[in-house]
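Remarks on the structure that follows.
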Amino acid sequence: LSFDFIGTNPDESTEDVGTIQAPTSWREVLSDSATTDLLFYFYANTEPPQSSKAMEAIILLSSVRRSLFPTDKDRAAFLGRLVNGIREMLKQRTGLQHQENYHQFCRLLGRLKANYQLSELVKAEGYLDWLELAASFTVQSIQNWQYS
């Protein structure tokens, strides 16, 4: 997923790419709820380094280009699945005791902020619960900075 399919990332010195320009032919697989569910399930049921690799895949999945989704409704449903998966991770603190997972999880939150507008996030089901959990996670992370 992180391959630069159309040559829009001239700076290859960084791992982070803002938007993944996945081919349109991948639309069905990338927007399928089973793909998102599988990655969250794999993350929750494995240990590092496998779980952190699953989180990396979730980060990349959350970065697919907006135009990959045929309608705003499809994109909103995709975002809803991401918010729900993250919310469950925060509720259960799944894997966050591992430094690799913790780092990847912070990257996921940053990617979500960068790739989705606030107006999109607030419409996602469970947004307020997600926001409260993310704020609590942030405060705990700042308070325990030596473990971050």
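Starting from 1 in every chain, residues are counted up; chains themselves are A, B, ... following the order of the structure tokens, and ligands are numbered from 1 as listed.
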Using only C-alpha atoms, which residues sit within 12 Å of Gln97 of chain A once same-chain residues fewer than 3 positions away are excluded, as a CSV table (one decimal) with N, CA, C and O atoms, in the first residue's frame?
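result-v6.csv written:
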```
chain,number,residue,atom,x,y,z
A,47,GLU,N,0.8,-10.5,19.0
A,47,GLU,CA,1.8,-9.7,19.8
A,47,GLU,C,2.8,-9.1,18.8
A,47,GLU,O,3.0,-9.6,17.7
A,48,PRO,N,3.6,-8.1,19.3
A,48,PRO,CA,4.6,-7.6,18.4
A,48,PRO,C,5.6,-8.7,18.0
A,48,PRO,O,5.9,-9.5,18.8
A,51,SER,N,1.6,-7.7,15.6
A,51,SER,CA,0.5,-6.7,15.8
A,51,SER,C,0.9,-5.3,15.4
A,51,SER,O,0.1,-4.6,14.9
A,52,SER,N,2.2,-5.0,15.5
A,52,SER,CA,2.6,-3.6,15.1
A,52,SER,C,2.6,-3.5,13.5
A,52,SER,O,2.3,-2.5,12.9
A,89,MET,N,-10.0,-0.3,20.6
A,89,MET,CA,-8.6,-0.4,21.1
A,89,MET,C,-8.4,0.4,22.3
A,89,MET,O,-7.7,0.0,23.3
A,90,LEU,N,-8.9,1.6,22.3
A,90,LEU,CA,-8.7,2.5,23.5
A,90,LEU,C,-9.5,2.0,24.7
A,90,LEU,O,-9.0,2.1,25.8
A,92,GLN,N,-10.2,-1.1,25.5
A,92,GLN,CA,-9.6,-2.3,26.0
A,92,GLN,C,-8.1,-2.1,26.3
A,92,GLN,O,-7.4,-3.0,26.9
A,93,ARG,N,-7.5,-1.0,25.8
A,93,ARG,CA,-6.1,-0.7,25.8
A,93,ARG,C,-5.3,-1.9,25.1
A,93,ARG,O,-4.2,-2.3,25.6
A,94,THR,N,-5.9,-2.4,24.1
A,94,THR,CA,-5.3,-3.6,23.4
A,94,THR,C,-3.9,-3.3,22.8
A,94,THR,O,-3.8,-2.5,22.0
A,100,GLU,N,6.2,-0.8,20.5
A,100,GLU,CA,6.0,-0.8,19.0
A,100,GLU,C,4.6,-0.5,18.7
A,100,GLU,O,4.3,0.3,17.8
A,101,ASN,N,3.6,-1.1,19.4
A,101,ASN,CA,2.2,-0.9,19.1
A,101,ASN,C,1.8,0.5,19.5
A,101,ASN,O,1.1,1.2,18.8
A,102,TYR,N,2.3,1.0,20.6
A,102,TYR,CA,2.0,2.3,21.1
A,102,TYR,C,2.5,3.4,20.1
A,102,TYR,O,1.7,4.3,19.8
A,103,HIS,N,3.7,3.2,19.6
A,103,HIS,CA,4.2,4.1,18.6
A,103,HIS,C,3.3,4.1,17.4
A,103,HIS,O,2.9,5.2,16.8
A,104,GLN,N,3.0,2.9,16.9
A,104,GLN,CA,2.1,2.8,15.7
A,104,GLN,C,0.7,3.4,15.9
A,104,GLN,O,0.1,4.0,15.0
A,105,PHE,N,0.2,3.2,17.1
A,105,PHE,CA,-1.1,3.7,17.5
A,105,PHE,C,-1.1,5.3,17.4
A,105,PHE,O,-2.0,5.9,16.9
A,141,SER,N,-0.6,9.7,28.2
A,141,SER,CA,0.6,9.7,27.5
A,141,SER,C,1.6,10.8,27.9
A,141,SER,O,2.8,10.7,28.1
A,147,TYR,N,7.5,6.7,29.4
A,147,TYR,CA,7.2,5.4,28.8
A,147,TYR,C,6.7,5.5,27.4
A,147,TYR,O,6.5,4.5,26.7
A,148,SER,N,6.5,6.7,26.9
A,148,SER,CA,6.0,6.9,25.5
A,148,SER,C,7.1,6.7,24.5
A,148,SER,O,8.2,7.0,24.7
```
Could you give me, as a PDB file with N, CA, C and O atoms, in the first residue's frame, the residues within 10 Å of Arg107 of chain A, counting only C-alpha atoms and dropping anything in the same chain fewer than 4 positions from it?
```
ATOM      1  N   ASP A  16       6.374   8.352   6.141  1.00  0.00           N
ATOM      2  CA  ASP A  16       5.007   8.848   6.150  1.00  0.00           C
ATOM      3  C   ASP A  16       4.635   9.490   4.825  1.00  0.00           C
ATOM      4  O   ASP A  16       5.324  10.382   4.329  1.00  0.00           O
ATOM      5  N   MET A  55      -0.945  -2.918  12.653  1.00  0.00           N
ATOM      6  CA  MET A  55      -1.255  -1.500  12.884  1.00  0.00           C
ATOM      7  C   MET A  55      -0.710  -0.645  11.747  1.00  0.00           C
ATOM      8  O   MET A  55      -1.370   0.298  11.305  1.00  0.00           O
ATOM      9  N   GLU A  56       0.470  -0.969  11.249  1.00  0.00           N
ATOM     10  CA  GLU A  56       1.007  -0.247  10.098  1.00  0.00           C
ATOM     11  C   GLU A  56       0.066  -0.363   8.905  1.00  0.00           C
ATOM     12  O   GLU A  56      -0.153   0.604   8.171  1.00  0.00           O
ATOM     13  N   ILE A  59      -2.829   1.890   9.411  1.00  0.00           N
ATOM     14  CA  ILE A  59      -2.424   3.273   9.126  1.00  0.00           C
ATOM     15  C   ILE A  59      -2.464   3.525   7.621  1.00  0.00           C
ATOM     16  O   ILE A  59      -3.014   4.532   7.164  1.00  0.00           O
ATOM     17  N   ASN A 101       3.632  -1.124  19.374  1.00  0.00           N
ATOM     18  CA  ASN A 101       2.211  -0.884  19.119  1.00  0.00           C
ATOM     19  C   ASN A 101       1.821   0.530  19.516  1.00  0.00           C
ATOM     20  O   ASN A 101       1.057   1.193  18.812  1.00  0.00           O
ATOM     21  N   TYR A 102       2.332   0.971  20.649  1.00  0.00           N
ATOM     22  CA  TYR A 102       2.032   2.313  21.147  1.00  0.00           C
ATOM     23  C   TYR A 102       2.454   3.359  20.112  1.00  0.00           C
ATOM     24  O   TYR A 102       1.681   4.260  19.777  1.00  0.00           O
ATOM     25  N   HIS A 103       3.670   3.213  19.608  1.00  0.00           N
ATOM     26  CA  HIS A 103       4.168   4.149  18.604  1.00  0.00           C
ATOM     27  C   HIS A 103       3.289   4.140  17.351  1.00  0.00           C
ATOM     28  O   HIS A 103       2.918   5.198  16.829  1.00  0.00           O
ATOM     29  N   ARG A 111      -2.462  10.211  11.655  1.00  0.00           N
ATOM     30  CA  ARG A 111      -2.892  10.024  10.264  1.00  0.00           C
ATOM     31  C   ARG A 111      -4.384  10.314  10.101  1.00  0.00           C
ATOM     32  O   ARG A 111      -4.808  10.909   9.117  1.00  0.00           O
ATOM     33  N   LEU A 112      -5.161   9.892  11.085  1.00  0.00           N
ATOM     34  CA  LEU A 112      -6.603  10.153  11.043  1.00  0.00           C
ATOM     35  C   LEU A 112      -6.856  11.661  11.034  1.00  0.00           C
ATOM     36  O   LEU A 112      -7.683  12.156  10.271  1.00  0.00           O
ATOM     37  N   LYS A 113      -6.124  12.367  11.886  1.00  0.00           N
ATOM     38  CA  LYS A 113      -6.259  13.822  11.962  1.00  0.00           C
ATOM     39  C   LYS A 113      -5.879  14.483  10.640  1.00  0.00           C
ATOM     40  O   LYS A 113      -6.532  15.421  10.197  1.00  0.00           O
TER      41      LYS A 113
END
```
*What is the distance between atom CA of Ile86 of chain A and atom CA of Pro70 of chain A, in Å to one decimal?*
24.0 Å
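Atom pair atom CA of Ser119 of chain A / atom CA of Ala54 of chain A has a distance of 27.6 Å (rounded to one decimal).
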*What is the distance between atom CA of Leu121 of chain A and atom CA of Thr24 of chain A, in Å to one decimal?*
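Going from atom CA of Leu121 of chain A over to atom CA of Thr24 of chain A covers 24.1 Å.
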Would you give me, as a Markdown table, each residue of segment 105-133 of chain A having an atom within 9 Å of an atom of segment 74-83 of chain A, along with its shortest atom pair and that distance in Å to one decimal, using only C-alpha atoms and sorting by chain and residue number?
```
| residue | atom | partner | partner_atom | distance |
| --- | --- | --- | --- | --- |
| A:Leu112 | CA | A:Leu82 | CA | 8.8 |
| A:Tyr116 | CA | A:Leu79 | CA | 8.4 |
| A:Glu120 | CA | A:Ala76 | CA | 7.1 |
| A:Leu121 | CA | A:Leu79 | CA | 7.6 |
| A:Lys123 | CA | A:Ala76 | CA | 8.0 |
| A:Ala124 | CA | A:Gly80 | CA | 5.1 |
| A:Glu125 | CA | A:Gly80 | CA | 6.1 |
| A:Gly126 | CA | A:Val83 | CA | 7.5 |
| A:Tyr127 | CA | A:Val83 | CA | 7.2 |
| A:Trp130 | CA | A:Val83 | CA | 6.9 |
```
*If you run DSSP on the backbone, which residues of chain A are helix (DSSP H, G or I), as an MDAnalysis selection string?*
chainID A and resid 24:31 33:44 50:61 66:68 72:92 99:115 118:121 127:143 145:147
Write a file of the selected residues as a compact mmCIF listing (two decimals), in the first residue's frame, keeping C-alpha atoms.
```
# COMPACT_ATOMS: atom_id res chain seq x y z
CA THR A 24 -8.95 2.04 -8.53
CA SER A 25 -8.97 -1.70 -9.22
CA TRP A 26 -8.28 -2.21 -5.49
CA ARG A 27 -11.40 -0.26 -4.47
CA GLU A 28 -13.53 -3.31 -3.65
CA VAL A 29 -10.94 -4.89 -1.35
CA LEU A 30 -9.85 -1.68 0.38
CA SER A 31 -13.38 -0.45 1.06
CA SER A 33 -15.52 -3.96 5.85
CA ALA A 34 -14.03 -7.47 6.03
CA THR A 35 -10.58 -6.02 5.24
CA THR A 36 -10.76 -3.48 8.07
CA ASP A 37 -12.24 -6.04 10.46
CA LEU A 38 -9.50 -8.55 9.62
CA LEU A 39 -6.71 -6.07 10.31
CA PHE A 40 -8.20 -4.96 13.64
CA TYR A 41 -8.80 -8.60 14.61
CA PHE A 42 -5.24 -9.59 13.71
CA TYR A 43 -3.86 -6.64 15.69
CA ALA A 44 -5.92 -7.54 18.77
CA GLN A 50 2.99 -9.05 14.08
CA SER A 51 0.54 -6.73 15.85
CA SER A 52 2.57 -3.63 15.05
CA LYS A 53 2.71 -4.69 11.38
CA ALA A 54 -1.08 -5.02 11.44
CA MET A 55 -1.25 -1.50 12.88
CA GLU A 56 1.01 -0.25 10.10
CA ALA A 57 -1.42 -1.76 7.59
CA ILE A 58 -4.34 -0.02 9.34
CA ILE A 59 -2.42 3.27 9.13
CA LEU A 60 -1.90 2.78 5.40
CA LEU A 61 -5.50 1.74 4.92
CA ARG A 66 -10.62 10.19 -0.96
CA SER A 67 -11.50 9.56 -4.61
CA LEU A 68 -11.18 5.79 -4.10
CA ASP A 72 -19.30 10.37 0.48
CA LYS A 73 -21.55 7.80 2.15
CA ASP A 74 -19.04 5.03 1.34
CA ARG A 75 -16.17 7.12 2.72
CA ALA A 76 -18.17 7.91 5.87
CA ALA A 77 -18.88 4.20 6.40
CA PHE A 78 -15.16 3.47 6.02
CA LEU A 79 -14.27 6.20 8.51
CA GLY A 80 -16.92 4.84 10.90
CA ARG A 81 -15.22 1.44 10.86
CA LEU A 82 -11.85 3.06 11.60
CA VAL A 83 -13.27 5.14 14.46
CA ASN A 84 -15.01 2.08 15.89
CA GLY A 85 -11.85 -0.04 15.71
CA ILE A 86 -9.76 2.66 17.37
CA ARG A 87 -12.44 3.21 20.01
CA GLU A 88 -12.39 -0.49 20.90
CA MET A 89 -8.58 -0.44 21.09
CA LEU A 90 -8.72 2.51 23.46
CA LYS A 91 -11.45 0.96 25.62
CA GLN A 92 -9.56 -2.31 25.99
CA GLN A 99 6.22 0.18 22.73
CA GLU A 100 6.02 -0.80 19.04
CA ASN A 101 2.21 -0.88 19.12
CA TYR A 102 2.03 2.31 21.15
CA HIS A 103 4.17 4.15 18.60
CA GLN A 104 2.12 2.85 15.67
CA PHE A 105 -1.12 3.73 17.46
CA CYS A 106 0.06 7.33 17.91
CA ARG A 107 0.89 7.41 14.20
CA LEU A 108 -2.62 6.14 13.43
CA LEU A 109 -4.21 8.95 15.45
CA GLY A 110 -2.02 11.47 13.65
CA ARG A 111 -2.89 10.02 10.26
CA LEU A 112 -6.60 10.15 11.04
CA LYS A 113 -6.26 13.82 11.96
CA ALA A 114 -4.34 14.56 8.77
CA ASN A 115 -6.57 12.66 6.33
CA LEU A 118 -13.26 17.43 11.63
CA SER A 119 -16.64 17.76 9.93
CA GLU A 120 -16.28 14.14 8.75
CA LEU A 121 -15.10 12.83 12.12
CA TYR A 127 -17.38 9.98 17.76
CA LEU A 128 -17.98 11.51 21.20
CA ASP A 129 -16.95 8.30 22.95
CA TRP A 130 -13.91 8.05 20.67
CA LEU A 131 -12.98 11.68 21.39
CA GLU A 132 -13.23 11.18 25.15
CA LEU A 133 -11.10 8.03 25.00
CA ALA A 134 -8.52 9.66 22.70
CA ALA A 135 -8.29 12.69 25.00
CA SER A 136 -7.80 10.44 28.03
CA PHE A 137 -5.11 8.48 26.14
CA THR A 138 -3.36 11.74 25.27
CA VAL A 139 -3.39 12.99 28.87
CA GLN A 140 -2.08 9.65 30.14
CA SER A 141 0.65 9.69 27.48
CA ILE A 142 1.77 13.17 28.47
CA GLN A 143 1.73 12.29 32.16
CA TRP A 145 6.04 10.64 28.87
CA GLN A 146 9.05 8.57 29.96
CA TYR A 147 7.19 5.42 28.83
```
